[in-house]
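S.K.: Let me give you the structure first, and then I'll get to my questions.
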Amino acid sequence: MRVLPKAQGAGLRWAAAAPGNVRAASHAAGGPGATAPQAVAHHQPQELPPDVESLIKRIHANRTKAVVYATGGAVQSISWLLSVPGASGTVLEAAVPYARDSLVEVLGGKEPAQFCSAGTAAAMAEAAYRRAAALSGFGDGIVGIGATCALATVPLKRGEHRAHVAVHGGGGRRCVSLTLSKGARSRVGEDDLVSRLLVKVLAEASGVSTSDFPLPLIEGGGAAGAGAGAGSMAASSPPSSPGGGGGGGGGGPAAAAAAAAPDVLQDDCAAAGDPLQRLLAGEVRCVEYSGGGPGGAPAEVVVDAPRPGRVYLPGSFNPLHEGHKQLLATAVAAASQAAGRQLEGAFELTAENADKGLLGLDEIRRRVAQFVAAGLPVVVTRAPRFNDKAGLLHAARFVVGYDTAIRLVMPKYHGDNFMQMLLDYTGFRYSGCSFVVAGRRDGASGRFLTLADVAVPTQMADLFPLGLGEEQFRVDISSTELRQRAAAAAAAAAGQGVKG
């Protein structure tokens with residue numbers, strides 16, 4: 001990329017400079033028309049406001065991860081978040097989709113009816129939340145932040161100066177809308193206020209107290225106050241520096257604030273409800289549980305934010321057993337080696353079976369509890385077929401056993417039509433998905449059969465790039481056998497009770 005036109009940049013040289021200033025030498029030192037070097041004043045970088053820095057330090061220490069999208073304003077917040085050490089533990093991505101097409105792209109191609117609105121901020125926060133899921137790992141607490149603003153312009157705009165800051169998480173959403181006192185602050189001052197609002201919303205979504213971080217809102221008559229509908233957004237006196245712009249003679253923002261209308265703050269929160277009930281009702285596509293553990297720690301819950309590019313072991317897990325755990329670990333290791341980078345893996349529990357219908361809510365909770373107690377990640381879906389799974393979990397590697405793999409390449413499951421079978425996998429391939437095939441002992445022959453024993457058509461070979469041999473994984477146990485043993489034990493115990 002060329003920063004300067006070639007004619008200007010060709011002979012540019014830099015002279016040594018004394019501390020405190022930088023001097024640019026003439027394009028041709030001593031040549032015709034040469035002028036004396038001009039001193040450039042060295043400006044001391046502006047320090048972060050202490051209250052902002054203190055709050056951001058606590059946000060970074062909390063370790064909640066976030067993606068932030070801001071447009072039209074609140075851009076100082078991004079700089080502030082990145083200026084405090086520890087930002088890499090919080091900020092997964094921060095972007096300013098300022099152009100219309102850029103914002104529409106963030107929103108998944110949907111153009112909003114109004115670009116500066118609570119609905120658009122909420123949609124941005126939801127998009128940020130899904131992006132955070134893609135960029136983070138299983139077990140991470142994540143939130144998405146969206147801010148859309150219409151602040152002071154030149155010439156002065158006719159409409160209100162306003163901002164909407166939303167946060168989206170697994171438990172629901174929140175949107176704080178601020179109508180600013182028009183003419184009371186400069187553009188920089190307005191951006192400072194809405195940036196503070198964004199940092200405050202992020203902190204509270206991360207579980208960080210903001211009792212010592214009041215917002216500098218203007219109440220009627222210029223007095224400090226909470227503003228209408230402020231809720232937890234406490235206020236303080238307007239600051240004298242950022243955006244002050246001021247001057248003497250009683251003018252500037254301080255005088256304007258005294259006569260201006262008050263800032264108005266509205267806080268709207270909406271809890272999401274039970275995620276598994278929402279899944280069964282078709283309101284969300286997936287619910288992920290990760291973290292937890294034997295100590296009873298709560299799991300992180302990620303709702304309707306599928307993570308692409310992972311290794312997934314689908315199953316009913318009734319019950320979850322050691323073979324499942326070893327198989328996923330082995331598949332992740334093999335897929336990571338093949339990819340040349342470390343991958344993550346999770347279990348995929350399908351709540352909907354193509355033949356048996358939906359599992360009940362209590363049964364789903366019982367099966368999920370197995371993973372939470374073990375501290376293992378599980379994604380609950382309503383995707384019974386692999387094309388359904390691929391449409392949800394893009395670029396995934398699905399772990400299947402030999403017995404499943406042979407059925408996947410049988411035309412009889414595709415209307416006894418070979419060409420139809422190839423067409424049925426078009427969407428699977430387009431989503432970037434593939435299979436990892438684990439060997440299984442054949443009950444009839446007693447042989448251990450692997451991917452090499454599956455008659456994969458040449459046209460589908462790219463979908464089956466990786467197999468696990470007997471030397472990599474072999475556990476001759478199944479959930480069916482475990483259920484049969486448990487049933488036999490229960491029957492035996494019942495018989496002993498009758499005899500007694």
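In the structure tokens, the first chain shown is A, the next is B, and so on; residue numbers restart at 1 for each chain, and ligands run from 1 in the order shown.
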Could you give me the residues within stretch 79-207 of chain A that DSSP places in helix (DSSP H, G or I), as a VMD selection string?

M.R.: chain A and resid 79 to 83 87 to 89 100 to 106 118 to 135 187 to 205

S.K.: When you look at A:Ser195 with a cut-off of 6 Å (counting only C-alpha atoms), what residues show up, excluding the ones that are within fewer than 3 positions of it in the same chain? I need them as a list in words.

M.R.: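 Contacts, with the query itself left out: Ala74, Gln76, Ser77, Asp191, Asp192 and Leu198 of chain A.
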
S.K.: May I ask which of the residues A:Leu408, A:Cys149, A:His394, A:Leu135 is the closest one to A:Pro97, counting only C-alpha atoms?

M.R.: A:Cys149

S.K.: Name the residues in contact with A:Glu160 at a cut-off of 9 Å, using only C-alpha atoms, excluding same-chain residues fewer than 6 positions from it; report them as a list in words.

M.R.: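 Answer for this query is Ala150, Leu151, Thr179, Leu180, Ser181 and Lys182 of chain A.
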
S.K.: Save out the residues we just selected, N, CA, C and O atoms, as a short mmCIF file (atom, residue, chain, number, x, y, z; two decimals), in the first residue's frame.

M.R.:
```
data_model
loop_
_atom_site.label_atom_id
_atom_site.label_comp_id
_atom_site.auth_asym_id
_atom_site.auth_seq_id
_atom_site.Cartn_x
_atom_site.Cartn_y
_atom_site.Cartn_z
N ALA A 150 -26.05 8.39 17.92
CA ALA A 150 -26.22 9.55 17.04
C ALA A 150 -25.85 10.77 17.89
O ALA A 150 -26.67 11.27 18.67
N LEU A 151 -24.60 11.22 17.77
CA LEU A 151 -24.07 12.27 18.63
C LEU A 151 -23.95 13.58 17.87
O LEU A 151 -24.41 13.71 16.74
N THR A 179 -30.67 9.48 26.13
CA THR A 179 -30.92 10.70 25.35
C THR A 179 -30.12 11.82 26.01
O THR A 179 -30.38 12.16 27.17
N LEU A 180 -29.16 12.35 25.28
CA LEU A 180 -28.25 13.33 25.87
C LEU A 180 -28.83 14.74 25.81
O LEU A 180 -29.59 15.08 24.90
N SER A 181 -28.44 15.54 26.79
CA SER A 181 -28.82 16.94 26.81
C SER A 181 -28.18 17.64 25.61
O SER A 181 -26.96 17.76 25.52
N LYS A 182 -29.02 18.07 24.70
CA LYS A 182 -28.53 18.60 23.42
C LYS A 182 -27.83 19.94 23.61
O LYS A 182 -28.38 20.87 24.20
#
```

S.K.: Between atom CA of A:Glu283 and atom CA of A:Val303, what distance in Å does the model show, to one decimal?

M.R.: 10.4 Å

S.K.: So how far away is atom CA of A:Lys200 from atom CA of A:Gly183, in Å?

M.R.: 23.8 Å

S.K.: Any idea what's packed within 9 Å of stretch 360-365 of chain A, counting only C-alpha atoms, ignoring anything in its chain fewer than 2 positions away? Could you give it as number ranges by chain?

M.R.: A: 276-277, 280, 349, 351, 358, 367-370, 380

S.K.: Please, could you write that set of residues out with N, CA, C and O atoms as a short mmCIF file (atom, residue, chain, number, x, y, z; two decimals), in the first residue's frame?

M.R.:
```cif
data_model
loop_
_atom_site.label_atom_id
_atom_site.label_comp_id
_atom_site.auth_asym_id
_atom_site.auth_seq_id
_atom_site.Cartn_x
_atom_site.Cartn_y
_atom_site.Cartn_z
N LEU A 276 -33.24 -24.90 27.94
CA LEU A 276 -33.68 -26.18 27.38
C LEU A 276 -35.16 -26.14 26.98
O LEU A 276 -35.54 -26.74 25.97
N GLN A 277 -35.97 -25.44 27.74
CA GLN A 277 -37.36 -25.26 27.34
C GLN A 277 -37.45 -24.49 26.04
O GLN A 277 -38.28 -24.80 25.17
N LEU A 280 -36.59 -26.86 23.17
CA LEU A 280 -37.69 -27.75 22.83
C LEU A 280 -38.83 -27.00 22.13
O LEU A 280 -39.55 -27.58 21.32
N LEU A 349 -25.30 -33.81 22.23
CA LEU A 349 -26.47 -34.59 22.64
C LEU A 349 -27.66 -34.14 21.81
O LEU A 349 -28.09 -32.99 21.88
N ALA A 351 -31.39 -33.92 21.11
CA ALA A 351 -32.65 -34.07 21.83
C ALA A 351 -33.76 -34.59 20.94
O ALA A 351 -34.82 -34.98 21.43
N LEU A 358 -38.85 -36.25 20.11
CA LEU A 358 -38.14 -35.45 21.09
C LEU A 358 -38.02 -36.16 22.43
O LEU A 358 -38.95 -36.84 22.88
N ARG A 367 -29.50 -36.25 31.46
CA ARG A 367 -28.32 -36.60 30.66
C ARG A 367 -27.28 -35.47 30.67
O ARG A 367 -26.08 -35.73 30.73
N VAL A 368 -27.75 -34.24 30.63
CA VAL A 368 -26.82 -33.10 30.71
C VAL A 368 -26.08 -33.10 32.04
O VAL A 368 -24.88 -32.79 32.10
N ALA A 369 -26.77 -33.48 33.11
CA ALA A 369 -26.16 -33.47 34.44
C ALA A 369 -24.93 -34.37 34.50
O ALA A 369 -23.99 -34.09 35.28
N GLN A 370 -24.90 -35.43 33.70
CA GLN A 370 -23.71 -36.31 33.67
C GLN A 370 -22.47 -35.54 33.24
O GLN A 370 -21.38 -35.71 33.81
N VAL A 380 -26.33 -29.36 23.39
CA VAL A 380 -27.63 -30.00 23.17
C VAL A 380 -28.27 -29.35 21.95
O VAL A 380 -28.39 -28.12 21.88
#
```

S.K.: Just checking: using only C-alpha atoms, which residue out of A:Arg440, A:His164, A:Ser290, A:Lys110 ends up closest to A:Ile477?

M.R.: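 Among the listed residues, the smallest separation from A:Ile477 belongs to A:Arg440.
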
S.K.: For the atom pair atom CA of A:Leu92 and atom CA of A:Ser136, what is the interatomic distance in Å to one decimal place?

M.R.: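 Going from atom CA of A:Leu92 over to atom CA of A:Ser136, I get 7.5 Å.
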
S.K.: Would you please work out which residue, of A:Gly89, A:Gly391, A:Gly315, A:Pro308, is nearest to A:Arg429 when using only C-alpha atoms?

M.R.: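 For A:Arg429, the nearest of the candidates is A:Gly391.
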
S.K.: Given only C-alpha atoms as the basis, pick out the residue of A:Glu190, A:Asp263, A:Asp424, A:Glu93 nearest to A:Gly144.

M.R.: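 Between A:Glu190, A:Asp263, A:Asp424, A:Glu93, the residue approaching A:Gly144 most closely is A:Glu93.
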
S.K.: Let me make sure I understand: among A:Gly375, A:Gly220, A:Gly446, A:Gly146, which one has the smallest atom-to-atom distance to A:Leu103 if we use only C-alpha atoms?

M.R.: A:Gly146

S.K.: I'd like to know which of A:Leu449, A:Val379, A:Ala396, A:Val302 is closest to A:Asp274, using only C-alpha atoms.

M.R.: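 Smallest separation from A:Asp274 among the options: A:Val302.
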
S.K.: From a DSSP pass on the backbone, collect the residues of stretch 103-209 of chain A flagged as strand (DSSP E or B) and hand them back as a list of chain:residue names.

M.R.: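 Residues of stretch 103-209 of chain A classed as strand (DSSP E or B): A:Ile142, A:Val143, A:Gly144, A:Ile145, A:Gly146, A:Ala147, A:Thr148, A:Cys149, A:Ala150, A:His161, A:Arg162, A:Ala163, A:His164, A:Val165, A:Ala166, A:Val167, A:His168, A:Gly169, A:Gly172, A:Arg173, A:Arg174, A:Cys175, A:Val176, A:Ser177, A:Leu178, A:Thr179, A:Leu180.
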